[in-house]
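One file, entry19.tsv, carrying TSV, C-alpha atoms and all ligand atoms:
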chain	number	residue	atom	x	y	z
P	1	MET	CA	13.21	-13.07	3.03
P	2	LYS	CA	9.78	-13.24	4.68
P	3	LEU	CA	7.48	-15.71	2.94
P	4	ALA	CA	3.80	-16.60	3.47
P	5	ILE	CA	2.34	-19.91	2.27
P	6	ALA	CA	-1.24	-21.19	2.11
P	7	ALA	CA	-3.28	-23.88	0.41
P	8	ASP	CA	-6.80	-25.27	0.22
P	9	HIS	CA	-7.68	-28.94	0.77
P	10	GLY	CA	-6.46	-29.68	-2.77
P	11	GLY	CA	-2.99	-28.40	-1.90
P	12	TRP	CA	-2.36	-28.87	1.80
P	13	GLU	CA	-0.35	-32.09	1.46
P	14	LEU	CA	2.09	-30.47	-0.93
P	15	LYS	CA	2.22	-27.42	1.36
P	16	THR	CA	3.25	-29.71	4.25
P	17	GLU	CA	6.10	-31.11	2.15
P	18	LEU	CA	7.19	-27.66	0.99
P	19	LEU	CA	7.29	-26.29	4.54
P	20	LYS	CA	9.89	-28.97	5.39
P	21	PHE	CA	11.83	-28.17	2.22
P	22	ILE	CA	11.73	-24.39	2.67
P	23	GLY	CA	12.76	-24.77	6.32
P	24	LYS	CA	16.16	-25.96	5.11
P	25	ILE	CA	16.74	-22.94	2.83
P	26	ALA	CA	18.89	-20.28	4.47
P	27	ASN	CA	17.58	-16.73	4.95
P	28	VAL	CA	13.93	-17.66	4.32
P	29	GLU	CA	11.44	-17.20	7.16
P	30	VAL	CA	8.14	-18.88	6.28
P	31	ALA	CA	4.71	-18.32	7.85
P	32	ASP	CA	1.97	-20.92	7.34
P	33	TYR	CA	-1.48	-19.37	6.72
P	34	GLY	CA	-3.35	-22.72	6.49
P	35	THR	CA	-5.27	-24.83	5.69
P	36	SER	CA	-3.88	-27.71	7.68
P	37	GLY	CA	-6.02	-30.75	6.86
P	38	PRO	CA	-8.13	-32.51	4.23
P	39	ASP	CA	-11.46	-30.89	5.15
P	40	SER	CA	-13.01	-28.98	2.27
P	41	VAL	CA	-12.41	-25.21	2.36
P	42	ASP	CA	-12.79	-22.39	-0.16
P	43	TYR	CA	-9.54	-21.44	-1.91
P	44	PRO	CA	-10.37	-17.68	-2.09
P	45	ASP	CA	-10.31	-17.51	1.72
P	46	PHE	CA	-6.73	-18.77	1.82
P	47	GLY	CA	-5.52	-17.05	-1.35
P	48	LYS	CA	-6.76	-13.78	0.12
P	49	LYS	CA	-4.67	-14.14	3.29
P	50	VAL	CA	-1.39	-14.51	1.39
P	51	ALA	CA	-2.26	-11.94	-1.28
P	52	GLU	CA	-3.10	-9.34	1.39
P	53	ALA	CA	0.14	-10.06	3.27
P	54	VAL	CA	2.22	-9.57	0.10
P	55	SER	CA	0.19	-6.61	-1.12
P	56	SER	CA	0.55	-4.77	2.21
P	57	GLY	CA	4.28	-5.51	2.49
P	58	ALA	CA	3.85	-7.61	5.64
P	59	VAL	CA	5.82	-10.33	3.82
P	60	ASP	CA	8.12	-10.17	0.79
P	61	ARG	CA	6.62	-13.00	-1.23
P	62	GLY	CA	3.99	-15.74	-1.13
P	63	ILE	CA	3.30	-19.28	-2.25
P	64	LEU	CA	-0.23	-20.60	-2.92
P	65	ILE	CA	-1.31	-24.14	-3.73
P	66	CYS	CA	-4.67	-25.59	-4.74
P	67	GLY	CA	-5.63	-28.60	-6.85
P	68	THR	CA	-4.81	-27.01	-10.19
P	69	GLY	CA	-3.33	-23.69	-9.11
P	70	ILE	CA	-5.93	-21.92	-11.24
P	71	GLY	CA	-8.34	-20.78	-8.52
P	72	MET	CA	-5.52	-19.45	-6.36
P	73	SER	CA	-4.04	-17.57	-9.35
P	74	ILE	CA	-7.35	-15.92	-10.20
P	75	THR	CA	-7.86	-14.95	-6.55
P	76	ALA	CA	-4.39	-13.55	-5.88
P	77	ASN	CA	-4.26	-11.48	-9.06
P	78	ARG	CA	-7.30	-9.47	-7.93
P	79	PHE	CA	-5.17	-7.74	-5.29
P	80	PRO	CA	-3.15	-4.55	-5.88
P	81	LYS	CA	0.57	-5.02	-6.59
P	82	ILE	CA	0.18	-8.81	-6.88
P	83	ARG	CA	1.83	-10.64	-9.74
P	84	ALA	CA	0.88	-14.28	-9.12
P	85	ALA	CA	2.37	-16.83	-11.53
P	86	LEU	CA	1.10	-20.39	-11.98
P	87	CYS	CA	4.24	-22.44	-12.60
P	88	HIS	CA	4.55	-26.06	-13.70
P	89	ASP	CA	8.29	-26.49	-14.16
P	90	HIS	CA	11.76	-24.98	-13.75
P	91	PHE	CA	11.42	-22.85	-16.90
P	92	THR	CA	8.13	-21.18	-15.98
P	93	ALA	CA	9.39	-20.58	-12.41
P	94	GLN	CA	12.59	-18.97	-13.70
P	95	MET	CA	10.83	-16.80	-16.29
P	96	SER	CA	8.16	-15.68	-13.81
P	97	ARG	CA	10.95	-14.08	-11.77
P	98	LEU	CA	13.26	-12.88	-14.59
P	99	HIS	CA	10.56	-11.23	-16.72
P	100	ASN	CA	7.47	-10.82	-14.53
P	101	ASP	CA	8.94	-10.22	-11.07
P	102	ALA	CA	6.25	-12.58	-9.77
P	103	ASN	CA	5.71	-12.01	-6.06
P	104	ILE	CA	3.41	-14.99	-5.56
P	105	LEU	CA	4.22	-18.49	-6.82
P	106	VAL	CA	1.20	-20.70	-7.48
P	107	MET	CA	1.26	-24.46	-8.04
P	108	GLY	CA	-1.29	-27.24	-8.49
P	109	GLU	CA	-0.84	-30.29	-6.25
P	110	ARG	CA	-2.90	-32.41	-8.67
P	111	VAL	CA	-0.72	-31.30	-11.59
P	112	ILE	CA	2.92	-31.64	-10.54
P	113	GLY	CA	4.92	-34.05	-8.37
P	114	ARG	CA	6.68	-33.17	-5.11
P	115	GLY	CA	10.17	-33.25	-6.61
P	116	VAL	CA	9.21	-30.84	-9.37
P	117	ALA	CA	7.47	-28.59	-6.84
P	118	CYS	CA	10.62	-28.39	-4.69
P	119	GLU	CA	12.72	-27.57	-7.76
P	120	ILE	CA	10.24	-24.85	-8.75
P	121	VAL	CA	10.34	-23.31	-5.25
P	122	LYS	CA	14.14	-23.30	-5.13
P	123	THR	CA	14.44	-21.71	-8.56
P	124	TRP	CA	11.72	-19.17	-7.84
P	125	LEU	CA	13.26	-18.09	-4.52
P	126	GLU	CA	16.77	-17.78	-5.95
P	127	THR	CA	16.05	-16.01	-9.26
P	128	GLU	CA	16.19	-12.21	-9.35
P	129	PHE	CA	14.08	-9.93	-11.59
P	130	GLU	CA	15.96	-8.81	-14.70
P	131	GLY	CA	14.45	-5.31	-14.71
P	132	GLY	CA	15.27	-3.25	-17.81
P	133	ARG	CA	12.62	-3.47	-20.54
P	134	HIS	CA	10.46	-5.67	-18.29
P	135	LEU	CA	10.00	-2.94	-15.69
P	136	GLY	CA	7.96	-0.71	-18.02
P	137	ARG	CA	5.70	-3.65	-18.85
P	138	LEU	CA	4.97	-4.27	-15.18
P	139	GLU	CA	4.20	-0.57	-14.73
P	140	LYS	CA	1.68	-0.84	-17.57
P	141	ILE	CA	-0.01	-3.79	-15.82
P	142	GLU	CA	-0.23	-1.80	-12.57
P	143	ALA	CA	-1.67	1.20	-14.45
P	144	ILE	CA	-4.39	-1.03	-15.96
P	145	GLY	CA	-5.27	-2.23	-12.46
P	146	GLN	CA	-5.52	1.31	-11.14
P	147	ARG	CA	-7.80	2.48	-14.00
P	148	THR	CA	-10.28	-0.37	-13.69
P	149	ARG	CA	-10.62	-0.61	-9.91
Q	201	LIG	C1	-10.89	-28.05	-5.08
Q	201	LIG	O1	-11.58	-29.21	-5.40
Q	201	LIG	C2	-10.34	-27.41	-6.35
Q	201	LIG	O2	-11.37	-26.89	-7.11
Q	201	LIG	C3	-9.32	-26.34	-6.02
Q	201	LIG	O3	-8.31	-26.89	-5.26
Q	201	LIG	C4	-8.64	-25.67	-7.21
Q	201	LIG	O4	-8.13	-26.63	-8.08
Q	201	LIG	C5	-9.42	-24.62	-7.87
Q	201	LIG	O5	-8.97	-23.98	-8.83

Output the structure of this file as structure tokens.
Amino acid sequence: MKLAIAADHGGWELKTELLKFIGKIANVEVADYGTSGPDSVDYPDFGKKVAEAVSSGAVDRGILICGTGIGMSITANRFPKIRAALCHDHFTAQMSRLHNDANILVMGERVIGRGVACEIVKTWLETEFEGGRHLGRLEKIEAIGQRTR
């Protein structure tokens, strides 16, 4: 699986930890889209890079981190075909894949600890979409996006 990851200054430390963690997971190739230090940046600039990569099919999935995860979620969900899910624990990570086929995982470094974040990533990467009745619901979301853009 090809994965893109990015963060703003509120999330870059957690991103650094997650890059080490993801590097040990088999069959996942991760590309780091920045930022790489504590200097203040604007989260839309980094959310956009990952959302565009997922939306275009350049990568399979993405991970975005900011202080709360809220700004990155709002940004990513503006892009076609993006289903970005802000997850805080194992349950939300699992459900975001089973029911929502989330293709971008968003987390808040100021909200969750590193251990929980690693557990979320592992669950999110390993859980497959259930399909079935959930597929029609995702098609309805995409249709809403196409009508209003
Ligand atoms: C940056 O201070 C902070 O606003 C950002 O990381 C994020 O939490 C926005 O939603």

Next on the checklist: List the spatial neighbours of Thr68 in chain P as a ChimeraX atom specification - criterion: any atom at most 7 Å away, only C-alpha atoms, same-chain residues fewer than 4 positions off excluded.
Outcome noted: /P:107-111

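Using all atoms listed in the file for every distance, the candidate list P:Asp45, P:Val30, P:Met72, P:Ala58 yields P:Met72 as the residue closest to ligand LIG 201 (chain Q).
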
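When only C-alpha atoms and all ligand atoms are used to measure the gap to ligand LIG 201 (chain Q), the shortest distance among P:Ile74, P:Leu14, P:Leu19, P:Leu125 belongs to P:Ile74.
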
So that each row is one residue of chain P with an atom at most 10 Å from ligand LIG 201 (chain Q), can you give its shortest atom pair and the distance in Å to one decimal, using all atoms listed in the file, rows by chain and rising number, as JSON lines?
{"residue": "P:Ala7", "atom": "CA", "partner": "Q:LIG201", "partner_atom": "O3", "distance": 8.2}
{"residue": "P:Asp8", "atom": "CA", "partner": "Q:LIG201", "partner_atom": "O3", "distance": 5.9}
{"residue": "P:His9", "atom": "CA", "partner": "Q:LIG201", "partner_atom": "O3", "distance": 6.4}
{"residue": "P:Gly10", "atom": "CA", "partner": "Q:LIG201", "partner_atom": "O3", "distance": 4.2}
{"residue": "P:Gly11", "atom": "CA", "partner": "Q:LIG201", "partner_atom": "O3", "distance": 6.5}
{"residue": "P:Trp12", "atom": "CA", "partner": "Q:LIG201", "partner_atom": "O3", "distance": 9.4}
{"residue": "P:Ser40", "atom": "CA", "partner": "Q:LIG201", "partner_atom": "C1", "distance": 7.7}
{"residue": "P:Val41", "atom": "CA", "partner": "Q:LIG201", "partner_atom": "C1", "distance": 8.1}
{"residue": "P:Asp42", "atom": "CA", "partner": "Q:LIG201", "partner_atom": "C1", "distance": 7.7}
{"residue": "P:Tyr43", "atom": "CA", "partner": "Q:LIG201", "partner_atom": "C3", "distance": 6.4}
{"residue": "P:Pro44", "atom": "CA", "partner": "Q:LIG201", "partner_atom": "C5", "distance": 9.1}
{"residue": "P:Ile65", "atom": "CA", "partner": "Q:LIG201", "partner_atom": "O3", "distance": 7.7}
{"residue": "P:Cys66", "atom": "CA", "partner": "Q:LIG201", "partner_atom": "O3", "distance": 3.9}
{"residue": "P:Gly67", "atom": "CA", "partner": "Q:LIG201", "partner_atom": "O4", "distance": 3.4}
{"residue": "P:Thr68", "atom": "CA", "partner": "Q:LIG201", "partner_atom": "O4", "distance": 4.0}
{"residue": "P:Gly69", "atom": "CA", "partner": "Q:LIG201", "partner_atom": "O5", "distance": 5.7}
{"residue": "P:Ile70", "atom": "CA", "partner": "Q:LIG201", "partner_atom": "O5", "distance": 4.4}
{"residue": "P:Gly71", "atom": "CA", "partner": "Q:LIG201", "partner_atom": "O5", "distance": 3.3}
{"residue": "P:Met72", "atom": "CA", "partner": "Q:LIG201", "partner_atom": "O5", "distance": 6.2}
{"residue": "P:Ser73", "atom": "CA", "partner": "Q:LIG201", "partner_atom": "O5", "distance": 8.1}
{"residue": "P:Ile74", "atom": "CA", "partner": "Q:LIG201", "partner_atom": "O5", "distance": 8.3}
{"residue": "P:Thr75", "atom": "CA", "partner": "Q:LIG201", "partner_atom": "O5", "distance": 9.4}
{"residue": "P:Met107", "atom": "CA", "partner": "Q:LIG201", "partner_atom": "O4", "distance": 9.6}
{"residue": "P:Gly108", "atom": "CA", "partner": "Q:LIG201", "partner_atom": "O4", "distance": 6.9}
{"residue": "P:Glu109", "atom": "CA", "partner": "Q:LIG201", "partner_atom": "O3", "distance": 8.3}
{"residue": "P:Arg110", "atom": "CA", "partner": "Q:LIG201", "partner_atom": "O4", "distance": 7.8}
{"residue": "P:Val111", "atom": "CA", "partner": "Q:LIG201", "partner_atom": "O4", "distance": 9.4}

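Distance-wise, CA of Glu128 in chain P and CA of Lys20 in chain P end up 23.2 Å apart.
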
Checklist entry - Which is closest to Val106 in chain P among P:Val59, P:Ala31, P:Ala26, P:Val50, if we use all atoms listed in the file? => result P:Val50

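Polymer residues near (11.8, -25.6, -13.1): counting all atoms listed in the file with a cut-off of 9 Å, they are P:Cys87, P:His88, P:Asp89, P:His90, P:Phe91, P:Thr92, P:Ala93, P:Gln94, P:Val116, P:Ala117, P:Cys118, P:Glu119, P:Ile120, P:Val121, P:Lys122, P:Thr123, P:Trp124.
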
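Checking P:Arg78, P:Arg147, P:Arg83, P:Arg133 one by one against Gly62 in chain P, counting all atoms listed in the file, you find the shortest gap at P:Arg83.
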
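You will find CA of Asn27 in chain P at 23.7 Å from CA of Lys81 in chain P.
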
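Taking CA of Ser55 in chain P and CA of Asn103 in chain P as endpoints, the distance between them is 9.2 Å.
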
Enclosing box along x, y and z for every listed atom of range 13-20 of chain P, padded 5 Å each side, centre and size in Å, one decimal, as AutoDock Vina command-line options:
--center_x 4.8 --center_y -29.2 --center_z 2.2 --size_x 20.2 --size_y 15.8 --size_z 16.3

I want to know what sits within 7 Å of His99 in chain P, based on all atoms listed in the file, with residues of the same chain fewer than 3 positions away left out; could you give that as a PDB file with C-alpha atoms, in the coordinates of the input?
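The new file part_33.pdb reads:
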ATOM      1  CA  MET P  95      10.830 -16.800 -16.290  1.00  0.00           C
ATOM      2  CA  SER P  96       8.160 -15.680 -13.810  1.00  0.00           C
ATOM      3  CA  PHE P 129      14.080  -9.930 -11.590  1.00  0.00           C
ATOM      4  CA  GLU P 130      15.960  -8.810 -14.700  1.00  0.00           C
ATOM      5  CA  HIS P 134      10.460  -5.670 -18.290  1.00  0.00           C
TER       6      HIS P 134
END

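Counting only C-alpha atoms, the residue from P:Leu18, P:Ala84, P:Ile5, P:Leu135 that sits nearest to Lys49 in chain P is P:Ile5.
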
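Take the candidates P:Ile22, P:Ala85, P:Ala6, P:Ile63 and check each one against Phe46 in chain P using all atoms listed in the file; the shortest distance goes to P:Ala6.
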
Checklist entry - Asp60 in chain P: which residues within 8 Å, counting all atoms listed in the file, same-chain residues fewer than 6 positions away excluded, as a PyMOL selection string? => result chain P and resi 1-3+54+103
